[in-house]
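Enquirer: TSV, C-alpha atoms, saved as my_file.tsv, coming up:
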```tsv
chain	number	residue	atom	x	y	z
A	490	MET	CA	126.11	-69.61	-62.22
A	491	PRO	CA	124.57	-67.15	-64.68
A	492	LEU	CA	124.03	-63.45	-64.69
A	493	ILE	CA	120.44	-62.96	-65.82
A	494	ALA	CA	120.26	-59.38	-67.00
A	495	ASP	CA	117.55	-59.89	-69.63
A	496	SER	CA	114.87	-61.19	-67.30
A	497	GLY	CA	111.46	-62.35	-68.44
A	498	TYR	CA	109.51	-60.52	-65.74
A	499	CYS	CA	106.72	-58.31	-67.08
A	500	PRO	CA	104.62	-56.48	-64.47
A	501	PRO	CA	101.02	-55.41	-64.96
A	502	ARG	CA	100.78	-52.60	-67.52
A	503	PHE	CA	99.69	-50.01	-64.95
A	504	LEU	CA	102.59	-50.81	-62.58
A	505	ARG	CA	105.70	-50.37	-64.73
A	506	ASN	CA	107.41	-48.12	-62.24
A	507	GLY	CA	109.62	-49.07	-59.29
A	508	HIS	CA	107.80	-46.84	-56.80
A	509	LEU	CA	104.35	-48.04	-57.88
A	510	LEU	CA	105.36	-51.69	-57.67
A	511	THR	CA	106.90	-51.17	-54.23
A	512	LEU	CA	103.83	-49.45	-52.82
A	513	TRP	CA	101.29	-51.73	-54.50
A	514	ALA	CA	102.89	-54.91	-53.18
A	515	SER	CA	103.17	-53.43	-49.68
A	516	GLN	CA	99.73	-51.88	-49.39
A	517	LYS	CA	97.37	-53.65	-51.80
A	518	ARG	CA	98.18	-57.35	-51.63
A	519	LYS	CA	95.65	-59.32	-49.60
A	520	LEU	CA	96.22	-62.99	-48.82
A	521	ARG	CA	93.47	-65.21	-47.48
A	522	LEU	CA	95.24	-68.30	-46.26
A	523	PRO	CA	93.65	-71.02	-44.06
A	524	TRP	CA	96.66	-71.54	-41.82
A	525	GLU	CA	95.23	-71.09	-38.33
A	526	PRO	CA	94.27	-74.75	-37.68
A	527	TYR	CA	97.90	-75.91	-37.78
A	528	PHE	CA	100.00	-72.79	-37.38
A	529	ARG	CA	102.16	-72.43	-34.25
A	530	THR	CA	104.82	-70.14	-32.80
A	531	GLU	CA	108.08	-71.34	-31.26
A	532	ARG	CA	109.90	-69.00	-28.88
A	533	LEU	CA	113.68	-69.40	-29.01
A	534	GLU	CA	115.54	-68.22	-25.93
A	535	THR	CA	118.93	-66.60	-26.53
A	536	GLU	CA	122.14	-66.83	-24.55
A	537	ASP	CA	121.91	-63.17	-23.47
A	538	GLY	CA	118.55	-63.68	-21.76
A	539	ASP	CA	116.44	-62.47	-24.66
A	540	PHE	CA	114.12	-64.22	-27.12
A	541	PHE	CA	112.73	-64.13	-30.63
A	542	ASP	CA	109.76	-65.92	-32.16
A	543	VAL	CA	109.63	-68.28	-35.13
A	544	ASP	CA	106.28	-69.00	-36.74
A	545	VAL	CA	106.06	-72.60	-37.91
A	546	LEU	CA	103.83	-73.57	-40.82
A	547	PRO	CA	103.92	-77.28	-41.69
A	548	ALA	CA	103.23	-78.44	-45.21
A	549	LEU	CA	100.73	-80.94	-43.80
A	550	PRO	CA	98.89	-80.75	-40.46
A	551	GLY	CA	100.34	-83.02	-37.80
A	552	ALA	CA	103.38	-84.03	-39.85
A	553	GLN	CA	106.91	-82.82	-40.47
A	554	ALA	CA	108.28	-82.50	-43.97
A	555	ALA	CA	111.75	-83.64	-44.98
A	556	GLY	CA	112.84	-80.06	-45.57
A	557	ALA	CA	112.08	-76.56	-44.34
A	558	VAL	CA	112.56	-73.02	-45.63
A	559	ILE	CA	113.63	-70.37	-43.11
A	560	LEU	CA	112.26	-66.93	-44.02
A	561	SER	CA	113.68	-63.62	-42.78
A	562	HIS	CA	111.72	-60.37	-43.18
A	563	GLY	CA	112.88	-56.82	-43.83
A	564	LEU	CA	113.36	-53.74	-41.67
A	565	GLU	CA	110.46	-53.30	-39.24
A	566	GLY	CA	108.62	-56.20	-40.85
A	567	SER	CA	107.36	-59.45	-39.38
A	568	SER	CA	106.39	-62.96	-40.37
A	569	ARG	CA	102.92	-61.69	-41.23
A	570	ARG	CA	103.89	-59.31	-44.00
A	571	PRO	CA	102.37	-60.19	-47.39
A	572	TYR	CA	105.75	-60.96	-48.98
A	573	MET	CA	106.52	-63.42	-46.16
A	574	ARG	CA	103.12	-65.08	-46.37
A	575	GLY	CA	103.25	-65.33	-50.14
A	576	MET	CA	106.64	-67.03	-50.12
A	577	ALA	CA	105.56	-69.26	-47.25
A	578	GLU	CA	102.49	-70.43	-49.13
A	579	ILE	CA	104.23	-71.33	-52.37
A	580	PHE	CA	106.84	-73.39	-50.50
A	581	ARG	CA	104.20	-75.00	-48.28
A	582	ARG	CA	102.26	-76.11	-51.34
A	583	ALA	CA	105.48	-77.55	-52.76
A	584	GLY	CA	105.90	-79.76	-49.67
A	585	TRP	CA	108.26	-77.68	-47.53
A	586	ASP	CA	107.63	-76.75	-43.91
A	587	VAL	CA	108.05	-73.01	-43.33
A	588	LEU	CA	109.90	-71.41	-40.40
A	589	ALA	CA	109.23	-67.66	-40.53
A	590	ARG	CA	111.60	-65.70	-38.30
A	591	ASN	CA	110.58	-62.58	-36.42
A	592	PHE	CA	113.49	-60.35	-35.47
A	593	ARG	CA	113.72	-59.36	-31.81
A	594	GLY	CA	110.83	-57.08	-30.93
A	595	CYS	CA	109.02	-57.68	-34.24
A	596	SER	CA	106.52	-60.39	-33.28
A	597	GLY	CA	104.17	-58.09	-31.36
A	598	GLU	CA	105.97	-58.25	-28.00
A	599	PRO	CA	108.99	-56.12	-27.00
A	600	ASN	CA	112.17	-58.09	-26.50
A	601	ARG	CA	113.67	-58.15	-23.02
A	602	THR	CA	117.06	-56.52	-23.50
A	603	VAL	CA	118.13	-53.03	-24.53
A	604	ARG	CA	119.56	-54.24	-27.82
A	605	MET	CA	117.34	-54.58	-30.87
A	606	TYR	CA	118.31	-56.05	-34.23
A	607	HIS	CA	120.31	-54.72	-37.15
A	608	GLY	CA	121.16	-55.42	-40.76
A	609	GLY	CA	124.29	-57.47	-40.08
A	610	GLU	CA	123.06	-59.48	-37.07
A	611	THR	CA	123.43	-63.20	-37.79
A	612	GLU	CA	123.51	-64.97	-34.42
A	613	ASP	CA	119.72	-65.29	-34.20
A	614	LEU	CA	119.59	-66.70	-37.72
A	615	HIS	CA	122.31	-69.18	-36.81
A	616	LYS	CA	120.33	-70.20	-33.74
A	617	THR	CA	117.25	-70.72	-35.91
A	618	VAL	CA	119.19	-72.84	-38.39
A	619	CYS	CA	120.70	-74.99	-35.63
A	620	TRP	CA	117.30	-75.35	-33.96
A	621	ALA	CA	115.76	-76.46	-37.27
A	622	ALA	CA	118.57	-78.94	-37.90
A	623	GLY	CA	117.97	-80.31	-34.42
A	624	GLN	CA	114.33	-80.92	-35.30
A	625	GLY	CA	115.45	-83.46	-37.90
A	626	TYR	CA	115.08	-81.55	-41.17
A	627	GLY	CA	117.37	-83.08	-43.76
A	628	ARG	CA	117.33	-80.00	-46.01
A	629	LEU	CA	117.13	-76.33	-45.12
A	630	VAL	CA	116.70	-73.40	-47.47
A	631	LEU	CA	117.31	-69.83	-46.31
A	632	ALA	CA	115.32	-67.03	-47.93
A	633	GLY	CA	115.46	-63.38	-46.94
A	634	PHE	CA	113.88	-60.14	-48.03
A	635	SER	CA	115.62	-56.75	-48.01
A	636	MET	CA	117.43	-56.45	-44.63
A	637	GLY	CA	116.63	-60.09	-43.88
A	638	GLY	CA	118.23	-60.99	-47.19
A	639	ASN	CA	121.40	-59.14	-46.23
A	640	GLN	CA	121.48	-60.99	-42.90
A	641	THR	CA	120.98	-64.30	-44.72
A	642	LEU	CA	123.76	-63.77	-47.25
A	643	LYS	CA	126.15	-62.37	-44.66
A	644	TYR	CA	125.52	-65.38	-42.41
A	645	LEU	CA	126.35	-67.80	-45.21
A	646	GLY	CA	129.52	-65.98	-46.26
A	647	GLU	CA	131.10	-64.62	-43.07
A	648	ASP	CA	131.99	-68.03	-41.62
A	649	PRO	CA	130.90	-70.80	-44.01
A	650	SER	CA	132.40	-73.51	-41.82
A	651	ARG	CA	129.81	-72.95	-39.07
A	652	VAL	CA	126.80	-73.26	-41.39
A	653	PRO	CA	125.16	-76.67	-40.78
A	654	GLY	CA	125.37	-79.10	-43.66
A	655	GLN	CA	121.60	-79.29	-43.96
A	656	VAL	CA	121.58	-75.83	-45.58
A	657	CYS	CA	121.39	-76.59	-49.30
A	658	ALA	CA	120.39	-73.31	-50.99
A	659	ALA	CA	119.56	-69.66	-50.36
A	660	VAL	CA	117.42	-66.95	-51.90
A	661	GLY	CA	117.63	-63.18	-51.48
A	662	VAL	CA	114.95	-60.81	-52.77
A	663	SER	CA	115.57	-57.04	-53.04
A	664	VAL	CA	118.72	-57.23	-50.93
A	665	PRO	CA	120.71	-54.09	-50.00
A	666	CYS	CA	123.95	-56.04	-49.90
A	667	ASP	CA	125.82	-52.73	-49.66
A	668	LEU	CA	124.09	-51.07	-46.69
A	669	GLU	CA	126.03	-47.85	-47.08
A	670	GLY	CA	125.01	-47.44	-50.70
A	671	SER	CA	121.41	-48.28	-49.89
A	672	ALA	CA	121.27	-45.78	-47.03
A	673	GLU	CA	122.55	-43.07	-49.35
A	674	MET	CA	119.88	-43.96	-51.93
A	675	LEU	CA	117.14	-43.67	-49.30
A	676	ASP	CA	118.49	-40.28	-48.26
A	677	ARG	CA	117.36	-38.80	-51.58
A	678	PRO	CA	114.35	-36.43	-51.55
A	679	SER	CA	112.39	-38.78	-53.83
A	680	ARG	CA	112.55	-41.45	-51.09
A	681	MET	CA	111.05	-39.29	-48.32
A	682	LEU	CA	107.87	-41.37	-48.18
A	683	TYR	CA	109.80	-44.56	-47.41
A	684	MET	CA	111.95	-42.87	-44.80
A	685	ALA	CA	108.90	-41.38	-43.09
A	686	TYR	CA	107.40	-44.86	-42.82
A	687	PHE	CA	110.55	-46.46	-41.42
A	688	MET	CA	111.32	-43.64	-39.02
A	689	SER	CA	107.78	-43.63	-37.61
A	690	SER	CA	108.09	-47.31	-36.70
A	691	LEU	CA	111.64	-46.98	-35.40
A	692	ARG	CA	110.73	-44.01	-33.21
A	693	ARG	CA	108.04	-46.10	-31.52
A	694	LYS	CA	110.60	-48.80	-30.78
A	695	VAL	CA	113.06	-46.30	-29.32
A	696	ARG	CA	110.44	-44.68	-27.10
A	697	GLU	CA	109.46	-48.10	-25.78
A	698	LYS	CA	113.13	-48.84	-25.05
A	699	HIS	CA	113.53	-45.48	-23.32
A	700	ALA	CA	110.55	-46.22	-21.07
A	701	ARG	CA	112.24	-49.42	-19.85
A	702	PHE	CA	115.90	-48.38	-20.06
A	703	PRO	CA	115.95	-44.59	-19.51
A	704	ASP	CA	119.60	-44.62	-18.47
A	705	LYS	CA	120.71	-46.41	-21.65
A	706	VAL	CA	118.39	-45.08	-24.35
A	707	SER	CA	117.79	-41.35	-24.76
A	708	VAL	CA	115.04	-39.82	-26.88
A	709	ALA	CA	116.79	-36.44	-27.19
A	710	GLY	CA	116.52	-35.32	-30.80
A	711	LEU	CA	114.60	-38.44	-31.85
A	712	SER	CA	111.65	-36.55	-33.34
A	713	ARG	CA	113.99	-34.61	-35.64
A	714	MET	CA	115.74	-37.66	-37.13
A	715	VAL	CA	114.80	-38.22	-40.76
A	716	THR	CA	117.71	-40.31	-42.11
A	717	PHE	CA	119.21	-43.70	-41.36
A	718	GLU	CA	122.56	-42.05	-40.75
A	719	ALA	CA	121.16	-39.96	-37.90
A	720	PHE	CA	119.27	-42.89	-36.42
A	721	ASP	CA	122.10	-45.41	-36.75
A	722	ASN	CA	124.61	-42.96	-35.27
A	723	ALA	CA	122.36	-42.38	-32.26
A	724	TYR	CA	121.03	-45.90	-31.65
A	725	THR	CA	122.03	-48.82	-33.87
A	726	ALA	CA	125.77	-48.22	-33.66
A	727	PRO	CA	126.16	-47.59	-29.90
A	728	LEU	CA	123.68	-50.30	-28.89
A	729	HIS	CA	125.47	-52.94	-30.97
A	730	GLY	CA	129.14	-52.04	-30.61
A	731	PHE	CA	129.85	-50.04	-33.77
A	732	ALA	CA	131.83	-46.79	-33.92
A	733	GLY	CA	129.11	-45.05	-35.92
A	734	ALA	CA	126.60	-45.43	-38.73
A	735	ARG	CA	129.14	-45.91	-41.51
A	736	ASP	CA	131.18	-48.36	-39.44
A	737	TYR	CA	127.96	-50.31	-38.87
A	738	TRP	CA	126.99	-50.27	-42.55
A	739	ARG	CA	130.41	-51.34	-43.79
A	740	LYS	CA	130.87	-54.14	-41.25
A	741	SER	CA	127.31	-55.42	-41.66
A	742	SER	CA	127.04	-55.53	-45.45
A	743	SER	CA	126.98	-58.94	-47.09
A	744	LEU	CA	128.67	-57.73	-50.30
A	745	PRO	CA	132.28	-58.38	-49.16
A	746	VAL	CA	131.55	-62.01	-48.24
A	747	LEU	CA	129.28	-63.11	-51.10
A	748	GLY	CA	132.16	-64.86	-52.84
A	749	SER	CA	132.74	-67.10	-49.80
A	750	ILE	CA	129.28	-68.68	-49.77
A	751	ARG	CA	129.41	-72.44	-50.32
A	752	VAL	CA	125.79	-73.18	-51.28
A	753	PRO	CA	123.83	-72.18	-54.41
A	754	VAL	CA	122.48	-68.64	-54.03
A	755	TYR	CA	119.85	-66.80	-56.06
A	756	LEU	CA	119.74	-63.02	-55.72
A	757	LEU	CA	116.79	-61.20	-57.30
A	758	ASN	CA	117.27	-57.41	-57.42
A	759	ALA	CA	115.22	-55.24	-59.75
A	760	ALA	CA	116.97	-52.49	-61.71
A	761	ASP	CA	114.25	-50.00	-60.68
A	762	ASP	CA	114.40	-50.82	-56.96
A	763	PRO	CA	114.29	-47.41	-55.22
A	764	PHE	CA	116.20	-48.77	-52.21
A	765	LEU	CA	119.25	-50.15	-54.02
A	766	SER	CA	122.43	-48.43	-55.18
A	767	GLU	CA	124.46	-49.66	-58.14
A	768	SER	CA	126.80	-51.38	-55.68
A	769	CYS	CA	123.96	-53.70	-54.64
A	770	PHE	CA	124.20	-55.50	-57.98
A	771	PRO	CA	127.28	-57.80	-57.80
A	772	VAL	CA	127.51	-58.39	-61.54
A	773	GLU	CA	131.14	-59.51	-61.70
A	774	LEU	CA	130.66	-62.08	-58.97
A	775	ALA	CA	127.71	-63.58	-60.84
A	776	ARG	CA	129.81	-63.83	-64.00
A	777	GLU	CA	132.63	-65.60	-62.22
A	778	SER	CA	131.01	-67.66	-59.46
A	779	ARG	CA	129.92	-71.25	-59.80
A	780	LEU	CA	127.33	-70.89	-57.02
A	781	PHE	CA	125.96	-67.36	-57.33
A	782	THR	CA	123.05	-66.39	-59.61
A	783	LEU	CA	122.02	-62.75	-60.00
A	784	GLU	CA	118.79	-61.85	-61.79
A	785	MET	CA	118.15	-58.18	-62.56
A	786	PRO	CA	114.75	-57.59	-64.17
A	787	ALA	CA	114.11	-54.07	-65.41
A	788	HIS	CA	111.08	-53.80	-63.13
A	789	GLY	CA	110.09	-55.10	-59.72
A	790	GLY	CA	110.66	-52.21	-57.34
A	791	HIS	CA	111.46	-53.22	-53.78
A	792	VAL	CA	109.92	-56.65	-53.08
A	793	GLY	CA	107.27	-55.70	-55.65
A	794	PHE	CA	107.29	-58.46	-58.26
A	795	VAL	CA	103.53	-58.31	-58.78
A	796	SER	CA	102.05	-60.95	-61.07
A	797	PRO	CA	99.66	-60.00	-63.86
A	798	ASP	CA	96.99	-62.25	-62.29
A	799	ALA	CA	95.93	-62.97	-58.71
A	800	GLY	CA	98.30	-65.90	-58.32
A	801	PRO	CA	101.71	-66.14	-56.67
A	802	TYR	CA	104.12	-63.27	-57.23
A	803	TRP	CA	106.73	-63.82	-59.94
A	804	SER	CA	109.53	-63.65	-57.34
A	805	GLU	CA	107.95	-66.54	-55.43
A	806	ILE	CA	107.76	-68.76	-58.50
A	807	ARG	CA	111.35	-67.93	-59.43
A	808	ALA	CA	112.59	-68.65	-55.90
A	809	LEU	CA	110.89	-72.04	-55.78
A	810	ASP	CA	112.14	-72.99	-59.25
A	811	PHE	CA	115.70	-72.11	-58.24
A	812	VAL	CA	115.49	-74.16	-55.06
A	813	ARG	CA	114.03	-77.14	-56.92
A	814	GLU	CA	116.90	-77.07	-59.40
A	815	ALA	CA	119.49	-76.67	-56.66
A	816	VAL	CA	118.10	-79.60	-54.70
A	817	GLU	CA	117.83	-81.75	-57.80
A	818	ALA	CA	121.42	-80.99	-58.77
A	819	GLN	CA	122.62	-82.17	-55.35
A	820	ARG	CA	120.97	-85.57	-55.61
A	821	PRO	CA	123.41	-88.32	-56.63
A	822	GLY	CA	122.81	-89.28	-60.26
A	823	ALA	CA	119.89	-86.91	-60.66
A	824	GLY	CA	119.20	-85.00	-63.84
A	825	ARG	CA	117.82	-81.49	-64.22
A	826	GLY	CA	114.17	-82.34	-63.62
A	827	ALA	CA	113.65	-79.54	-61.16
A	828	GLY	CA	112.01	-76.24	-61.85
A	829	GLN	CA	108.72	-77.67	-63.13
A	830	PRO	CA	105.86	-75.18	-62.88
A	831	LEU	CA	103.46	-75.36	-59.97
A	832	ASN	CA	99.81	-76.13	-60.61
A	833	LEU	CA	98.51	-73.07	-58.77
A	834	SER	CA	95.30	-71.36	-59.81
A	835	ALA	CA	94.85	-67.60	-59.71
A	836	ALA	CA	92.66	-68.00	-56.63
A	837	SER	CA	95.30	-69.90	-54.67
A	838	LEU	CA	96.67	-66.81	-52.91
```
As structure tokens, what does this structure read like?
Expert:
Amino acid sequence: MPLIADSGYCPPRFLRNGHLLTLWASQKRKLRLPWEPYFRTERLETEDGDFFDVDVLPALPGAQAAGAVILSHGLEGSSRRPYMRGMAEIFRRAGWDVLARNFRGCSGEPNRTVRMYHGGETEDLHKTVCWAAGQGYGRLVLAGFSMGGNQTLKYLGEDPSRVPGQVCAAVGVSVPCDLEGSAEMLDRPSRMLYMAYFMSSLRRKVREKHARFPDKVSVAGLSRMVTFEAFDNAYTAPLHGFAGARDYWRKSSSLPVLGSIRVPVYLLNAADDPFLSESCFPVELARESRLFTLEMPAHGGHVGFVSPDAGPYWSEIRALDFVREAVEAQRPGAGRGAGQPLNLSAASL
């Protein structure tokens, strides 16, 4: 599969900066989507007595499509974030049902157990995939953003033999596939705004855990934590069986297992993404792999591939085109008729 270094993405003239694109996409995008009449939430119970919620959006009310796309959000996100809704809508319009995962504690209700979620956790994704396969979907596509993208790629590569055969393609957008490198990037002074946002949300989660599990979760020093290393050393690592933050990052990164993935994968990482280190761009793998495509546009920020008009984001169009081509290539005797442009007006989203 190709390495696409000279990408055709061109952001709006006033947003040709990774920080501006990141913030604009996060704060300014408004989606008015008439989903409520046929939108539902499925609660999946886990073997350890916990749960997580999956929002189900069918392509057509009262019917089930032949295939579904499973979306995974980023750190402290949810199924309702604009990037999730935008990707959901473009796939829904293309005839795919959408299964939007919420990590434990991210759907508006605290999860039951002391554990939370983390960047390398894949069991809940596997449960979602198996549940979807059990619903009768013949094709499943996995798409993840940021941390959810790392989980998705790690899941596909860490034990390919357990991935159900219905999984036919995967997409990762703005993926910190080297968590250690990404954490070090976000520790820079120029990233203080992002860290303040993440830490504010994470502190709320920890205080809620402390209220229910005071003997297992301490809040000592919590208010002074300003880096992922401090937070992951104090909470993520001990709650999930790691020796420390760096042990967690190294064991949870998808980068070491990308070459083992057995389905077509499209990774879209912008060169000006303020969250990503150089190690998050697996150039050599893309040059050598038959299944791995890496696209590295000069601009895009972190999940910020804003379109010049009010239509779908460029990343959403690229993801759908890739999946169409991957599906078409897997059909016996089929040609390369996939990747045709969608007929979506600027007012669609």
Enquirer: Please, what distance in Å, to one decimal, runs between CA of Leu492 (chain A) and CA of Ile806 (chain A)?
Expert: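 Between these atoms lies a distance of 18.2 Å.
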Enquirer: Under the rule that all atoms listed in the file are counted, which of A:Ala815, A:Ala589, A:Met573, A:Ala775 is the nearest residue to Val618 (chain A)?
Expert: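 Looking at the shortest contact to Val618 (chain A), the residue is A:Ala589.
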Enquirer: Using all atoms listed in the file, pick whichever of A:Leu504, A:Leu588, A:Leu783, A:Ala622 has the shortest atom-to-atom distance to Arg807 (chain A).
Expert: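 Among the listed residues, A:Leu783 lies closest to Arg807 (chain A).
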Enquirer: Find the distance between CA of Tyr626 (chain A) and CA of Cys666 (chain A) and write it in Å to one decimal.
Expert: 28.4 Å
Enquirer: Using all atoms listed in the file, find the one residue out of A:Pro491, A:Tyr683, A:Arg701, A:Arg574 that sits nearest to Arg518 (chain A).
Expert: A:Arg574
Enquirer: Would you list the contacts of Glu697 (chain A) as a list in words, taking every protein, DNA or RNA residue within 9 Å and counting only C-alpha atoms, but skipping same-chain residues closer than 5 positions in sequence?
Expert: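 Neighbouring residues, sequence-local ones excluded: Pro599, Arg692 and Phe702 of chain A.
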